[in-house]
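Here is target_19.cif, consisting of mmCIF, C-alpha atoms:
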```
data_input
#
loop_
_atom_site.label_atom_id
_atom_site.label_comp_id
_atom_site.auth_asym_id
_atom_site.auth_seq_id
_atom_site.Cartn_x
_atom_site.Cartn_y
_atom_site.Cartn_z
CA MET A 878 92.14 180.56 110.02
CA ASP A 879 89.73 182.16 107.58
CA GLN A 880 87.97 178.85 106.95
CA SER A 881 87.64 178.33 110.69
CA GLU A 882 86.03 181.73 111.08
CA ASP A 883 83.62 180.98 108.23
CA ASN A 884 82.62 177.69 109.83
CA LYS A 885 82.11 179.43 113.15
CA GLN A 886 79.75 181.93 111.54
CA LEU A 887 77.75 179.15 109.90
CA MET A 888 77.35 177.47 113.28
CA GLU A 889 76.08 180.62 114.96
CA LYS A 890 72.34 181.10 115.32
CA PRO A 891 70.67 184.28 114.05
CA PRO A 892 70.36 187.00 116.71
CA LYS A 893 67.20 186.77 118.78
CA ARG A 894 64.41 189.13 117.89
CA SER A 895 62.10 190.90 120.29
CA LEU A 896 58.88 189.22 121.39
CA ALA A 897 56.91 191.83 119.47
CA ALA A 898 58.89 191.14 116.28
CA ASN A 899 58.38 187.39 116.59
CA ASN A 900 54.66 187.85 117.19
CA ARG A 901 54.44 190.04 114.10
CA ILE A 902 56.27 187.45 111.98
CA PHE A 903 54.02 184.71 113.33
CA GLN A 904 50.88 186.61 112.39
CA GLN A 905 52.04 188.07 109.08
CA GLU A 906 54.15 185.24 107.66
CA PHE A 907 53.00 182.04 109.36
CA MET A 908 49.26 182.31 109.98
CA LEU A 909 48.40 183.08 106.35
CA HIS A 910 49.44 179.49 105.53
CA ALA A 911 46.99 177.91 107.99
CA ASP A 912 44.59 176.72 105.29
CA ALA A 913 47.36 175.23 103.16
CA LEU A 914 48.77 173.46 106.22
CA TYR A 915 45.36 172.04 107.07
CA ASN A 916 44.90 170.75 103.52
CA PHE A 917 48.36 169.15 103.58
CA GLY A 918 47.67 167.65 106.99
CA TYR A 919 44.30 166.31 105.89
CA HIS A 920 45.71 164.61 102.82
CA LEU A 921 48.50 163.11 104.92
CA THR A 922 46.16 161.76 107.59
CA PHE A 923 42.80 161.57 105.79
CA ASN A 924 41.26 162.62 109.09
CA GLU A 925 39.96 166.09 110.04
CA ASP A 926 40.84 165.88 113.74
CA ASP A 927 44.33 164.55 113.04
CA ALA A 928 44.85 167.32 110.47
CA LYS A 929 43.83 169.97 113.01
CA ASP A 930 46.20 168.43 115.56
CA LEU A 931 49.02 168.54 113.02
CA VAL A 932 48.36 172.21 112.27
CA GLN A 933 48.36 173.03 115.98
CA GLU A 934 51.59 171.13 116.57
CA THR A 935 53.17 172.78 113.53
CA PHE A 936 52.42 176.27 114.79
CA LEU A 937 53.61 175.40 118.29
CA LYS A 938 56.91 174.09 116.91
CA ALA A 939 57.21 177.04 114.54
CA TYR A 940 56.87 179.50 117.40
CA ARG A 941 59.32 177.53 119.51
CA PHE A 942 61.95 177.74 116.76
CA ILE A 943 60.94 181.12 115.38
CA ASP A 944 64.33 182.66 116.17
CA SER A 945 65.87 180.30 113.59
CA TYR A 946 63.49 181.54 110.89
CA ILE A 947 64.87 184.24 108.59
CA GLU A 948 62.24 186.92 108.20
CA GLY A 949 60.86 187.39 104.70
CA THR A 950 62.03 184.03 103.33
CA ASN A 951 60.03 180.93 102.38
CA ALA A 952 57.73 180.60 105.39
CA LYS A 953 55.43 178.13 103.66
CA ALA A 954 58.20 175.64 102.90
CA TRP A 955 59.62 176.08 106.42
CA LEU A 956 56.21 175.32 107.97
CA PHE A 957 55.60 172.37 105.66
CA LYS A 958 58.93 170.88 106.73
CA ILE A 959 57.86 171.15 110.36
CA MET A 960 54.49 169.54 109.58
CA LYS A 961 56.15 166.74 107.64
CA ASN A 962 58.38 166.03 110.64
CA ALA A 963 55.40 166.09 113.00
CA PHE A 964 53.51 163.67 110.78
CA ILE A 965 56.48 161.29 110.46
CA ASN A 966 56.93 161.29 114.23
CA ALA A 967 53.25 160.48 114.75
CA TYR A 968 53.35 157.87 111.97
CA ARG A 969 56.36 156.15 113.50
CA LYS A 970 54.77 156.24 116.94
CA LYS A 971 51.64 154.53 115.63
CA SER A 972 53.84 152.04 113.79
CA LYS A 973 55.85 151.48 117.00
CA GLN A 974 59.01 152.76 115.36
CA PRO A 975 61.17 154.54 117.96
CA ASN A 976 63.25 156.88 115.78
CA LYS A 977 62.00 160.46 115.72
CA VAL A 978 62.80 163.48 113.60
CA ASP A 979 64.95 166.08 115.31
CA TYR A 980 63.18 169.43 115.05
CA GLU A 981 66.51 171.20 115.42
CA GLU A 982 67.05 170.44 111.73
CA VAL A 983 64.67 173.29 110.88
CA VAL A 984 67.44 175.64 111.98
CA THR A 985 69.55 174.63 108.97
CA TYR A 986 66.65 174.57 106.52
CA GLN A 987 67.53 177.88 104.88
CA ASN A 988 71.27 177.34 104.48
CA SER A 989 71.23 176.76 100.70
CA ASP A 990 70.07 178.98 97.88
CA SER A 991 66.67 178.35 96.38
CA GLY A 992 66.17 177.53 92.72
CA SER A 993 63.47 176.65 90.29
CA TYR A 994 63.11 173.48 88.27
CA VAL A 995 60.95 172.61 85.32
CA GLN A 996 58.17 170.32 86.46
CA TYR A 997 55.51 168.33 84.65
CA ILE A 998 52.20 166.86 85.69
CA ASP A 999 51.21 163.40 84.44
CA LEU A 1000 47.49 163.87 84.92
CA ARG A 1001 45.99 167.22 84.04
CA HIS A 1002 46.25 169.80 86.79
CA GLU A 1003 42.49 170.24 86.92
CA ILE A 1004 42.29 166.97 88.84
CA PHE A 1005 44.24 168.48 91.73
CA GLN A 1006 42.50 171.86 91.98
CA GLY A 1007 39.87 172.75 94.56
CA MET A 1008 38.34 169.93 96.55
CA LEU A 1009 39.76 166.59 95.51
CA GLY A 1010 37.20 164.08 94.30
CA ASP A 1011 36.64 160.97 96.40
CA GLU A 1012 38.43 158.78 93.86
CA VAL A 1013 41.53 160.99 93.86
CA SER A 1014 41.51 161.34 97.63
CA HIS A 1015 41.29 157.59 98.17
CA ALA A 1016 43.94 156.94 95.53
CA LEU A 1017 46.31 159.42 97.18
CA ASN A 1018 45.61 157.97 100.60
CA SER A 1019 46.39 154.48 99.32
CA LEU A 1020 49.94 155.47 98.35
CA PRO A 1021 52.81 154.75 100.76
CA VAL A 1022 53.50 157.87 102.80
CA ASP A 1023 56.79 158.74 101.06
CA PHE A 1024 55.14 158.71 97.65
CA LYS A 1025 51.98 160.45 98.79
CA THR A 1026 54.07 163.27 100.28
CA VAL A 1027 55.91 164.12 97.05
CA VAL A 1028 52.67 164.21 95.05
CA LEU A 1029 51.06 166.50 97.61
CA LEU A 1030 54.05 168.83 97.75
CA CYS A 1031 54.55 169.05 93.99
CA ASP A 1032 51.21 168.63 92.25
CA ILE A 1033 48.97 170.21 94.86
CA GLU A 1034 51.19 172.73 96.68
CA GLY A 1035 53.47 173.60 93.76
CA PHE A 1036 56.83 173.40 95.53
CA THR A 1037 59.97 173.25 93.40
CA TYR A 1038 62.15 170.16 93.41
CA GLU A 1039 64.76 171.94 95.53
CA GLU A 1040 62.16 173.03 98.08
CA MET A 1041 60.83 169.48 98.22
CA ALA A 1042 64.33 168.09 98.70
CA LYS A 1043 64.84 170.39 101.68
CA ILE A 1044 61.41 169.68 103.15
CA ILE A 1045 61.76 165.90 102.88
CA ASP A 1046 65.54 165.78 103.45
CA ILE A 1047 66.42 163.78 100.33
CA PRO A 1048 68.55 164.60 97.25
CA ILE A 1049 66.87 166.29 94.28
CA GLY A 1050 67.54 163.21 92.14
CA THR A 1051 65.62 161.12 94.64
CA VAL A 1052 62.78 163.64 94.58
CA ARG A 1053 62.54 163.28 90.80
CA SER A 1054 62.59 159.48 90.79
CA ARG A 1055 60.20 159.20 93.74
CA LEU A 1056 57.78 161.65 92.12
CA HIS A 1057 57.91 159.72 88.85
CA ARG A 1058 57.13 156.47 90.66
CA ALA A 1059 54.43 158.10 92.77
CA ARG A 1060 52.68 159.52 89.72
CA ASN A 1061 52.77 156.15 87.99
CA MET A 1062 51.29 154.52 91.09
CA LEU A 1063 48.62 157.21 91.23
CA LYS A 1064 47.87 156.79 87.53
CA ASP A 1065 47.43 153.07 88.01
CA ALA A 1066 45.03 153.70 90.89
CA LEU A 1067 43.11 156.29 88.87
CA ARG A 1068 43.24 154.60 85.46
CA GLU A 1069 39.56 153.85 85.15
CA TYR A 1070 38.52 157.10 86.82
CA ALA A 1071 40.77 159.11 84.50
CA LYS A 1072 39.27 157.42 81.43
CA GLN A 1073 35.77 158.25 82.63
CA MET A 1074 36.81 161.89 83.13
CA GLY A 1075 38.39 162.05 79.65
CA PHE A 1076 42.00 162.41 80.78
CA LYS A 1077 44.71 160.78 78.69
CA GLU A 1078 47.88 159.32 80.12
CA ASP A 1079 51.26 160.59 78.97
CA GLU A 1080 53.55 158.30 77.06
CA GLU A 1081 55.99 156.45 79.31
CA GLU A 1082 59.46 157.93 79.23
#
```
Please re-express this file's structure in C-alpha cells.
Amino acid sequence: MDQSEDNKQLMEKPPKRSLAANNRIFQQEFMLHADALYNFGYHLTFNEDDAKDLVQETFLKAYRFIDSYIEGTNAKAWLFKIMKNAFINAYRKKSKQPNKVDYEEVVTYQNSDSGSYVQYIDLRHEIFQGMLGDEVSHALNSLPVDFKTVVLLCDIEGFTYEEMAKIIDIPIGTVRSRLHRARNMLKDALREYAKQMGFKEDEEE
C-alpha cells in the first residue's frame, strides 16, 4: 500500500506553474546558458548555422517541457541533455536511421541525487580553454560522435561523471571507459601538435 503510494507520487508530474513564472525561469535560468549551448552545438556539428539551429531547437523544447523542470536545479545539464537529444535525432536523420530520442525522458532527468567525482585531464586544460585551435577542433570533429560528446561535456564544459551519465543516458562506468578511450583517440590525433606545443602525455594506466 505504502509502496504503491510512493510509486504513484514518483509518476506524478510537478504542478504547473503560471505563465509568468515559466517566463521568468526561462529568462533567468535558461537564457544565461545560450553561449555555452552554442559552443557545444558548434563542436558537435562543426557548422555555425547548424549550431544556431540546435540552440533554437533546444530552447523551443526546453520551453515546451518547462513544467517538468525543477526551478533552481541544474538548468545547464538539463538543457545540454535536450541539445544532445536534438543532435542525435538530426544525426540519425542524416544517417537515415529511423529511431529517435523521446524528449519525454527529460521529465525524469532530475530523479536521482547529484554527486561529484574526481576527474583528470590527459592533455593540459589550457588546450581546451577559450577558442579551440584549428588542430584541436579538427581532431575533436574527427572523433565518432559518442566519443566527441564525452570529451566536450567533461573537458570543455566541466560536467561531473554523474551529470554526464544522465545527459547521455549511460552508466557512470561506461562514461569513464568511453572518456578514457576518447582521450586516447584525441591524444593520438593531436600527438604531433601536442609535442610542438610542449605538452607531455600521461603514462598509460
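When all atoms listed in the file are used to compute distances to Thr1051 in chain A, the closest of the residues A:Glu925, A:Asp930, A:Asp1023, A:Glu906 turns out to be A:Asp1023.
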Practice task
Write out as a VMD selection string each polymer residue whose atoms come within 9 Å of Asp1046 in chain A, counting all atoms listed in the file; drop sequence neighbours fewer than 4 positions from it.
Solution key: chain A and resid 958 1041 to 1042
Problem - Selection: 12 Å around Leu896 in chain A, only C-alpha atoms, excl. self and same-chain fewer than 2 positions, as a list in words - result: Lys893, Arg894, Ala898, Asn899, Asn900, Arg901, Ile902, Phe903, Tyr940, Arg941, Ile943 and Asp944 of chain A
Fill in the blank from the handout: Students should find that CA of Ala928 in chain A and CA of Leu914 in chain A are spaced 8.4 Å
Exercise for the section: Go ahead and compute the interatomic distance for CA of Gln904 in chain A and CA of Lys953 in chain A, in Å to one decimal. Expected result: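 Spanning CA of Gln904 in chain A to CA of Lys953 in chain A is a straight-line distance of 13.0 Å.
For the pair CA of Lys1043 in chain A and CA of Phe957 in chain A, the separation is 10.3 Å.
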Practice task
Identify which of the residues A:His920, A:Arg1055, A:Lys929, A:Lys938 lies closest to Tyr1038 in chain A, counting only C-alpha atoms when measuring atom-to-atom distances.
Solution key: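 Nearest to Tyr1038 in chain A: A:Arg1055.
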Practice task
Go through A:Glu1034, A:Leu931, A:Phe907, A:Leu921 and flag the residue nearest Tyr946 in chain A, using only C-alpha atoms for the distances.
Solution key: A:Phe907
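Using all atoms listed in the file for every distance, the candidate list A:Ile1045, A:Ala1066, A:Leu1056, A:Ala954 yields A:Ala1066 as the residue closest to Asn1018 in chain A.
Take the candidates A:Asp927, A:Asp1011, A:Asp1032, A:Glu1040 and check each one against Leu956 in chain A using only C-alpha atoms; the shortest distance goes to A:Glu1040.
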So for range 919-931 of chain A, what box centre and size do we get, axis-aligned, 4 Å extra on each of the six sides, every listed atom, Å to one decimal, as AutoDock Vina command-line options?
```
--center_x 44.5 --center_y 165.8 --center_z 109.2 --size_x 17.1 --size_y 16.4 --size_z 20.7
```
Completion exercise
Ser1054 in chain A proximity check over A:Leu1030, A:Arg1068, A:Val932, A:Phe1024, using all atoms listed in the file: winner is A:Phe1024
Practice task
Would you be able to write out as an MDAnalysis selection string which residues have an atom within 7 Å of (61.2, 177.2, 110.5) in the file's coordinates, counting only C-alpha atoms?
Solution key: chainID A and resid 939 942:943 945:946 955:956 959 983:984
Exercise for the section: Compute the distance from (59.2, 162.0, 105.7) to each atom, counting all atoms listed in the file, keep the residues with any atom at most 10 Å away, and return them as a PyMOL selection string; use the coordinates of the file. Expected result: chain A and resi 958+960-966+968+978+1022-1024+1026-1027+1044-1047
